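Enquirer: Below you'll find protein09.pdb; it's PDB, C-alpha atoms.
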ATOM      1  CA  MET A 206      -2.001  42.033   7.924
ATOM      2  CA  ILE A 207      -1.040  44.067   4.897
ATOM      3  CA  ASP A 208       0.871  42.690   1.925
ATOM      4  CA  ALA A 209       4.567  42.738   2.821
ATOM      5  CA  LYS A 210       5.440  43.274  -0.858
ATOM      6  CA  HIS A 211       4.192  46.853  -0.510
ATOM      7  CA  VAL A 212       6.421  47.711   2.453
ATOM      8  CA  THR A 213      10.101  48.395   1.833
ATOM      9  CA  ILE A 214      12.189  48.752   4.964
ATOM     10  CA  THR A 215      15.798  49.764   5.577
ATOM     11  CA  ASP A 216      18.408  47.659   7.369
ATOM     12  CA  SER A 217      17.888  49.568  10.628
ATOM     13  CA  GLU A 218      14.113  49.250  10.316
ATOM     14  CA  TRP A 219      14.596  45.489   9.892
ATOM     15  CA  GLU A 220      16.257  45.388  13.314
ATOM     16  CA  VAL A 221      13.305  47.216  14.878
ATOM     17  CA  MET A 222      10.844  44.905  13.109
ATOM     18  CA  ARG A 223      12.742  41.820  14.311
ATOM     19  CA  ALA A 224      12.361  43.081  17.886
ATOM     20  CA  ILE A 225       8.651  43.847  17.448
ATOM     21  CA  TRP A 226       7.986  40.471  15.785
ATOM     22  CA  THR A 227       9.789  38.737  18.649
ATOM     23  CA  MET A 228       7.873  40.660  21.318
ATOM     24  CA  GLY A 229       4.531  40.420  19.503
ATOM     25  CA  GLN A 230       3.581  43.842  20.782
ATOM     26  CA  THR A 231       5.489  46.392  22.777
ATOM     27  CA  THR A 232       5.440  49.830  24.299
ATOM     28  CA  SER A 233       7.837  52.478  23.046
ATOM     29  CA  ARG A 234       9.767  52.293  26.337
ATOM     30  CA  GLU A 235      10.221  48.513  26.048
ATOM     31  CA  LEU A 236      11.323  48.879  22.434
ATOM     32  CA  ILE A 237      13.696  51.758  23.206
ATOM     33  CA  ASP A 238      15.299  49.771  26.050
ATOM     34  CA  THR A 239      15.587  46.665  23.863
ATOM     35  CA  MET A 240      17.177  48.504  20.933
ATOM     36  CA  ASN A 241      19.548  50.318  23.276
ATOM     37  CA  GLN A 242      20.642  46.984  24.726
ATOM     38  CA  LEU A 243      20.894  45.186  21.356
ATOM     39  CA  GLU A 244      22.221  47.958  19.103
ATOM     40  CA  GLY A 245      23.349  50.728  21.457
ATOM     41  CA  TRP A 246      20.838  53.097  19.865
ATOM     42  CA  SER A 247      19.629  56.310  21.498
ATOM     43  CA  ASP A 248      15.978  56.859  22.383
ATOM     44  CA  SER A 249      15.553  59.254  19.448
ATOM     45  CA  THR A 250      16.993  56.768  16.923
ATOM     46  CA  THR A 251      14.507  54.071  17.945
ATOM     47  CA  LYS A 252      11.593  56.543  18.026
ATOM     48  CA  THR A 253      12.493  57.819  14.543
ATOM     49  CA  LEU A 254      12.653  54.299  13.113
ATOM     50  CA  LEU A 255       9.410  53.325  14.849
ATOM     51  CA  HIS A 256       7.585  56.350  13.402
ATOM     52  CA  ARG A 257       8.931  55.575   9.915
ATOM     53  CA  LEU A 258       7.595  52.027  10.234
ATOM     54  CA  ILE A 259       4.197  53.380  11.307
ATOM     55  CA  LYS A 260       4.121  55.740   8.283
ATOM     56  CA  LYS A 261       5.016  52.815   5.996
ATOM     57  CA  GLY A 262       2.178  50.738   7.427
ATOM     58  CA  ALA A 263       4.456  48.042   8.846
ATOM     59  CA  VAL A 264       3.588  48.800  12.491
ATOM     60  CA  GLU A 265       0.445  50.130  14.100
ATOM     61  CA  GLN A 266       0.060  52.165  17.249
ATOM     62  CA  THR A 267      -2.849  51.317  19.538
ATOM     63  CA  GLY A 268      -4.182  52.965  22.648
ATOM     64  CA  ALA A 269      -5.724  56.365  23.301
ATOM     65  CA  SER A 270      -3.059  57.506  25.745
ATOM     66  CA  ARG A 271       0.441  56.658  26.892
ATOM     67  CA  PRO A 272       1.881  54.175  27.068
ATOM     68  CA  PHE A 273       0.936  53.376  23.474
ATOM     69  CA  THR A 274       1.261  49.814  22.253
ATOM     70  CA  PHE A 275       2.901  48.945  18.961
ATOM     71  CA  LYS A 276       2.381  45.765  17.005
ATOM     72  CA  PRO A 277       3.424  44.497  13.582
ATOM     73  CA  VAL A 278       1.014  44.845  10.675
ATOM     74  CA  VAL A 279       3.216  42.847   8.283
ATOM     75  CA  GLY A 280       4.170  39.256   9.007
ATOM     76  CA  GLU A 281       7.784  38.233   9.528
ATOM     77  CA  LYS A 282       7.784  35.319   7.070
ATOM     78  CA  GLU A 283       5.948  37.337   4.438
ATOM     79  CA  SER A 284       8.394  40.227   4.843
ATOM     80  CA  MET A 285      11.403  37.945   4.512
ATOM     81  CA  SER A 286       9.914  36.344   1.386
ATOM     82  CA  ALA A 287       9.153  39.740  -0.137
ATOM     83  CA  ALA A 288      12.711  40.960   0.583
ATOM     84  CA  ALA A 289      14.225  37.812  -0.940
ATOM     85  CA  ASP A 290      11.970  38.082  -4.013
ATOM     86  CA  ASP A 291      12.981  41.720  -4.388
ATOM     87  CA  LEU A 292      16.670  40.793  -4.232
ATOM     88  CA  PHE A 293      16.307  38.072  -6.863
ATOM     89  CA  ASP A 294      14.186  40.346  -9.074
ATOM     90  CA  HIS A 295      17.196  42.692  -9.248
ATOM     91  CA  MET A 296      19.790  40.150 -10.370
ATOM     92  CA  CYS A 297      20.397  38.162 -13.511
ATOM     93  CA  ALA A 298      18.258  35.021 -13.530
ATOM     94  CA  MET A 299      21.393  33.018 -14.330
ATOM     95  CA  ARG A 300      22.863  34.025 -10.954
ATOM     96  CA  ALA A 301      19.939  32.832  -8.819
ATOM     97  CA  GLY A 302      21.155  29.246  -8.390
ATOM     98  CA  SER A 303      24.699  30.180  -7.357
ATOM     99  CA  THR A 304      23.378  32.876  -5.010
ATOM    100  CA  ILE A 305      21.004  30.430  -3.330
ATOM    101  CA  ALA A 306      23.837  27.895  -3.049
ATOM    102  CA  GLN A 307      26.063  30.499  -1.389
ATOM    103  CA  VAL A 308      23.326  31.398   1.094
ATOM    104  CA  ILE A 309      22.853  27.718   1.940
ATOM    105  CA  LYS A 310      26.610  27.249   2.425
ATOM    106  CA  THR A 311      26.922  30.193   4.802
ATOM    107  CA  ARG A 312      23.828  29.700   6.996
ATOM    108  CA  GLU A 313      23.189  27.249   9.783
ATOM    109  CA  LEU A 314      20.336  24.938   8.797
ATOM    110  CA  SER A 315      18.538  22.282  10.813
ATOM    111  CA  LYS A 316      18.166  18.730   9.553
ATOM    112  CA  SER A 317      14.473  19.430   8.903
ATOM    113  CA  ASP A 318      15.380  22.580   6.917
ATOM    114  CA  ILE A 319      17.779  20.505   4.795
ATOM    115  CA  ALA A 320      15.189  17.764   4.282
ATOM    116  CA  GLU A 321      12.618  20.355   3.151
ATOM    117  CA  LEU A 322      15.138  21.916   0.740
ATOM    118  CA  GLN A 323      16.002  18.508  -0.692
ATOM    119  CA  LYS A 324      12.316  17.756  -1.232
ATOM    120  CA  ILE A 325      11.731  21.124  -2.938
ATOM    121  CA  LEU A 326      14.815  20.703  -5.151
ATOM    122  CA  ALA A 327      13.850  17.164  -6.152
ATOM    123  CA  GLU A 328      10.421  18.444  -7.218
ATOM    124  CA  LYS A 329      11.911  21.448  -9.083
ATOM    125  CA  ALA A 330      14.414  19.167 -10.876
ATOM    126  CA  LYS A 331      11.554  17.354 -12.636
ATOM    127  CA  ASP A 332      10.701  20.434 -14.738
ATOM    128  CA  ALA A 333      13.949  22.412 -14.613
ATOM    129  CA  PRO A 334      15.464  23.659 -17.872
ATOM    130  CA  GLU A 335      19.004  22.647 -18.788
ATOM    131  CA  MET A 336      20.014  26.285 -18.476
ATOM    132  CA  VAL A 337      18.342  29.417 -17.110
ATOM    133  CA  HIS A 338      18.456  32.231 -19.636
ATOM    134  CA  CYS A 339      19.914  35.636 -18.926
ATOM    135  CA  ASN A 340      17.324  38.356 -18.359
ATOM    136  CA  CYS A 341      19.721  41.324 -18.379
ATOM    137  CA  LEU A 342      19.772  44.128 -20.934
ATOM    138  CA  PRO A 343      18.845  42.958 -24.441
ATOM    139  CA  GLY A 344      21.915  42.800 -26.667
ATOM    140  CA  LYS A 345      24.226  43.277 -23.669
ATOM    141  CA  MET A 346      23.923  39.835 -22.116
ATOM    142  CA  THR A 347      27.386  38.813 -21.031
ATOM    143  CA  CYS A 348      26.332  36.556 -18.174
ATOM    144  CA  GLU A 349      26.681  33.432 -20.291
ATOM    145  CA  GLU A 350      30.360  34.298 -20.842
ATOM    146  CA  ASP A 351      30.922  34.687 -17.077
ATOM    147  CA  SER A 352      29.240  31.462 -15.983
TER
END
Go through the file and emit its structure as structure tokens.
Expert:
Amino acid sequence: MIDAKHVTITDSEWEVMRAIWTMGQTTSRELIDTMNQLEGWSDSTTKTLLHRLIKKGAVEQTGASRPFTFKPVVGEKESMSAAADDLFDHMCAMRAGSTIAQVIKTRELSKSDIAELQKILAEKAKDAPEMVHCNCLPGKMTCEEDS
């Protein structure tokens, strides 16, 4: 597996990756049929996205002749973590807590997910600062006023 932090994928490519991760490996025909059923995409749309993912190193093609097999080169969990890290790296540090809270409010979570979050938060609380400092533009930090 390659480092998911080095692979940036578009929203449509995410949908293709989700299908490939779910299937484990697939032929182009299986993937085309799946994406047509799930998204209503044409054959050429799925092929284009698949070839972009191959060029980016997220998917590899195996086999010497048709039907080729395609499998993920980046892991699903690692890719989700890298995408979340990238999102948080692009926002004010002061907004991270409220953004995480909003995500938690709007997603279905299992009891074990909630228990794990509570455990993580209890551990983080031991060393947490009273306030997270703004990391926006120096001299232009207005986040504290908006809090």
Enquirer: When you look at stretch 295-301 of chain A with a cut-off of 6 Å (counting all atoms listed in the file), what residues show up, excluding the ones that are within fewer than 6 positions of it in the same chain? I need them as an MDAnalysis selection string.
Expert: chainID A and resid 337 339:341
Enquirer: Expand the PyMOL selection byres ((chain A and resi 291) around 12) into the explicit residue set it covers here, and present it as a ChimeraX atom specification.
Expert: /A:209-214,284-290,292-296
Enquirer: With all atoms listed in the file as the atoms that count, which of A:Phe275, A:Glu218, A:Asp248, A:Gly262 lies nearest to A:Gln230?
Expert: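 Once distances to A:Gln230 are computed over all atoms listed in the file, the minimum belongs to A:Phe275.
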Enquirer: Between atom CA of A:Ile225 and atom CA of A:Gly280, what distance in Å does the model show, to one decimal?
Expert: 10.6 Å
Enquirer: Kindly give the distance, in Å, that separates atom CA of A:Thr250 and atom CA of A:Glu283, rounded to a single decimal.
Expert: 25.6 Å
Enquirer: Would you work out the distance separating atom CA of A:Ala224 from atom CA of A:Thr239, expressed in Å to one decimal?
Expert: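 Atom-to-atom, atom CA of A:Ala224 and atom CA of A:Thr239 are spaced 7.7 Å apart.
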Enquirer: Which residues are near A:Lys252? Cut-off 12 Å, all atoms listed in the file, ignore same chain within fewer than 5 positions. Put them as a list in words.
Expert: Ser217, Glu218, Val221, Thr232, Ser233, Arg234, Glu235, Leu236, Ile237, Asp238, Met240, Asn241, Trp246, Ser247, Arg257, Leu258, Ile259 and Phe275 of chain A
Enquirer: Under the rule that all atoms listed in the file are counted, which of A:Leu314, A:Met228, A:Leu243, A:Val278 is the nearest residue to A:Lys260?
Expert: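 Of all the options, A:Val278 lies closest to A:Lys260.
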